[in-house]
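*Asks:* I am attaching a structure below and will ask some questions about it afterwards.
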Amino acid sequence: AQKVTQAQTEISVVEKEDVTLDCVYETRDTTYYLFWYKQPPSGELVFLIRRNSFDEQNEISGRYSWNFQKSTSSFNFTITASQVVDSAVYFCALSEDDSWGKLQFGAGTQVVVTP
Amino acid sequence: GAVVSQHPSRVICKSGTSVKIECRSLDFQATTMFWYRQFPKQSLMLMATSNEGSKATYEQGVEKDKFLINHASLTLSTLTVTSAHPEDSSFYICSARYRTGRSEAFFGQGTRLTVV
């Protein structure tokens with residue numbers, strides 16, 4: 001069964017619009033980590049954030065913010081005032097307690113920002 | 001953050017030949033490395049877990065005889081795609097985690113393999 005679901009395949013926005021990427025996960029572990037990565041066309045994975053299961057505080061980093069809701073098993077990501085450089089595929093991933101460092105990725109969401 | 005170097009970044013090979021991809025942790029020791037494969041417009045799928053000094057653990061559906069993994073030292077794991085075919089063309093990316101403690105895994109830059 002898929003453990004990380006990113007239901008949005010592609011989101012297109014115009015520059016300066018906000019965009020929210022959804023991520024829903026499934027795990028039986030009480031200790032786990034959630035990640036977001038950005039993959040630009042060049043292919044490398046750019047680490048954006050790691051959140052452990054005991055820290056439900058939302059986080060803001062510049063134009064990026066994350067909303068972690070354990071009650072709904074969601075870890076959503078918002079880009080505020082999007083820019084063309086934000087165009088990329090964004091992956092949400094889960095690492096469970098018994099498989100440290102091993103990531104299960106969602107399908108990814110392609111974000112297209114047009115000027 | 002820790003640096004993981006993957007080489008080569010791109011490779012084109014003829015069908016039937018073998019290709020070796022290296023994954024090195026440059027500034028830390030990695031007991032465990034992970035190999036992922038990503039087909040065009042798809043997600044990253046774990047192929048195998050590489051443990052230093054022992055046999056790799058392959059995910060279901062991954063042929064261990066075709067994708068040979070060697071983790072001979074704490075800083076190097078290699079993935080060899082044997083008798084490559086066009087359907088093996090993909091983006092291969094490795095990650096490495098610290099030897100001690102719990103930590104995230106750090107990703108290499110990836111290798112784009114094209115088999116012609």
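By convention in this document, the chains of the structure tokens carry letters A, B, ... by their order, each chain's residues are numbered from 1, and ligands are numbered from 1 in the order they are shown.
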If we count only C-alpha atoms, what is near Ser95 in chain A at a cut-off of 7 Å, once residues fewer than 3 positions away on the same chain are taken out, given as a PyMOL selection string?
*Replies:* chain A and resi 32-34+99-104
*Asks:* Which polymer residues have any atom within 6 Å of an atom of Tyr25 in chain A, counting only C-alpha atoms, with same-chain residues fewer than 5 positions away left out, as a ChimeraX atom specification?
*Replies:* /A:3-4,73
*Asks:* Save out the residues we just selected, C-alpha atoms, as a PDB file, in the first residue's frame.
*Replies:*
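Output file result.pdb follows:
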```
ATOM      1  CA  LYS A   3       2.489   5.156   2.254  1.00  0.00           C
ATOM      2  CA  VAL A   4       2.868   8.665   0.897  1.00  0.00           C
ATOM      3  CA  SER A  73      -1.675  12.479   8.701  1.00  0.00           C
TER       4      SER A  73
END
```
*Asks:* To one decimal place in Å, what is the distance between CA of Gly108 in chain A and CA of Pro8 in chain B?
*Replies:*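 One can read the CA of Gly108 in chain A to CA of Pro8 in chain B distance as 25.0 Å.
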*Asks:* Can you tell me which residues surround range 41-56 of chain A at a distance of at most 8 Å, considering only C-alpha atoms, apart from same-chain residues fewer than 5 positions away, and format the answer as a PyMOL selection string?
*Replies:* (chain A and resi 30-36+68-70+88) or (chain B and resi 107-110)
*Asks:* Could you state the separation of CA of Tyr58 in chain B and CA of Tyr37 in chain A in Å, given to one decimal place?
*Replies:*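 Going from CA of Tyr58 in chain B over to CA of Tyr37 in chain A covers 23.9 Å.
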*Asks:* Would you mind listing, as a list in words, all residues of chain B that have at least one atom within 6 Å of chain A, where only C-alpha atoms are what counts?
*Replies:*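 The answer, sorted by residue number, is Ser43, Glu104, Ala105 and Gln109 of chain B.
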*Asks:* Considering only C-alpha atoms, return as a list in words whatever protein or nucleic-acid residues lie within 9 Å of range 51-55 of chain B, sequence-local ones (same chain, fewer than 4 positions apart) excluded.
*Replies:*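 Here the qualifying residues turn out to be Ala30, Thr31, Thr32, Met33, Phe34, Ile69, Asn70, His71, Ala72, Ser73, Leu74, Thr75, Leu76 and Ser77 of chain B.
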*Asks:* If we count only C-alpha atoms, what is near Leu113 in chain B at a cut-off of 8 Å, once residues fewer than 4 positions away on the same chain are taken out, given as a ChimeraX atom specification?
*Replies:* /B:10-13,88-92
*Asks:* So which bits of chain B end up strand (DSSP E or B) when you DSSP the backbone, as a ChimeraX atom specification?
*Replies:* /B:4-7,10-13,19-25,32-38,45-51,57-58,67-73,76-81,90-97,105-107,111-115
*Asks:* May I have the selected residues written with C-alpha atoms, as a short mmCIF file (atom, residue, chain, number, x, y, z; two decimals), in the first residue's frame?
*Replies:*
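Written out: result-v7.cif:
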```cif
data_model
loop_
_atom_site.label_atom_id
_atom_site.label_comp_id
_atom_site.auth_asym_id
_atom_site.auth_seq_id
_atom_site.Cartn_x
_atom_site.Cartn_y
_atom_site.Cartn_z
CA VAL B 4 27.65 12.68 -1.24
CA SER B 5 29.25 12.50 -4.65
CA GLN B 6 27.90 10.31 -7.41
CA HIS B 7 29.79 9.52 -10.59
CA ARG B 10 25.54 10.97 -17.25
CA VAL B 11 26.42 7.84 -19.15
CA ILE B 12 25.42 6.41 -22.48
CA CYS B 13 26.20 2.79 -23.15
CA VAL B 19 27.89 0.21 -16.41
CA LYS B 20 29.25 1.02 -12.97
CA ILE B 21 27.98 3.94 -10.91
CA GLU B 22 29.85 5.13 -7.84
CA CYS B 23 28.45 6.74 -4.73
CA ARG B 24 30.92 8.29 -2.31
CA SER B 25 30.43 9.97 1.03
CA THR B 32 24.43 2.30 4.89
CA MET B 33 23.75 3.61 1.43
CA PHE B 34 20.56 3.44 -0.56
CA TRP B 35 20.06 3.15 -4.30
CA TYR B 36 16.97 4.56 -5.97
CA ARG B 37 15.74 4.51 -9.54
CA GLN B 38 13.52 7.07 -11.17
CA MET B 45 11.73 3.93 -6.02
CA LEU B 46 14.13 2.24 -3.67
CA MET B 47 16.07 -0.52 -5.38
CA ALA B 48 18.33 -1.74 -2.61
CA THR B 49 19.97 -1.01 0.69
CA SER B 50 23.73 -1.32 0.67
CA ASN B 51 25.47 -2.21 3.93
CA THR B 57 19.21 -6.02 0.56
CA TYR B 58 17.11 -5.74 -2.57
CA PHE B 67 21.99 -4.74 -10.40
CA LEU B 68 25.16 -5.65 -8.55
CA ILE B 69 25.88 -3.63 -5.45
CA ASN B 70 29.21 -3.54 -3.66
CA HIS B 71 29.82 -1.57 -0.49
CA ALA B 72 33.46 -2.31 0.12
CA SER B 73 34.27 0.63 2.37
CA LEU B 76 32.00 3.97 -1.27
CA SER B 77 29.16 1.95 -2.72
CA THR B 78 28.93 0.95 -6.36
CA LEU B 79 25.99 -0.09 -8.47
CA THR B 80 26.76 -2.07 -11.60
CA VAL B 81 24.04 -2.49 -14.18
CA SER B 90 16.69 5.69 -16.00
CA PHE B 91 17.90 8.16 -13.40
CA TYR B 92 19.78 6.38 -10.62
CA ILE B 93 20.42 8.22 -7.38
CA CYS B 94 22.12 7.15 -4.18
CA SER B 95 21.93 8.35 -0.64
CA ALA B 96 24.17 7.73 2.36
CA ARG B 97 23.59 7.93 6.09
CA ALA B 105 20.36 10.28 4.44
CA PHE B 106 22.14 12.65 2.07
CA PHE B 107 21.65 12.34 -1.65
CA THR B 111 23.28 9.44 -12.71
CA ARG B 112 21.29 9.56 -15.91
CA LEU B 113 21.81 6.27 -17.74
CA THR B 114 20.85 5.92 -21.38
CA VAL B 115 21.18 2.53 -23.02
#
```
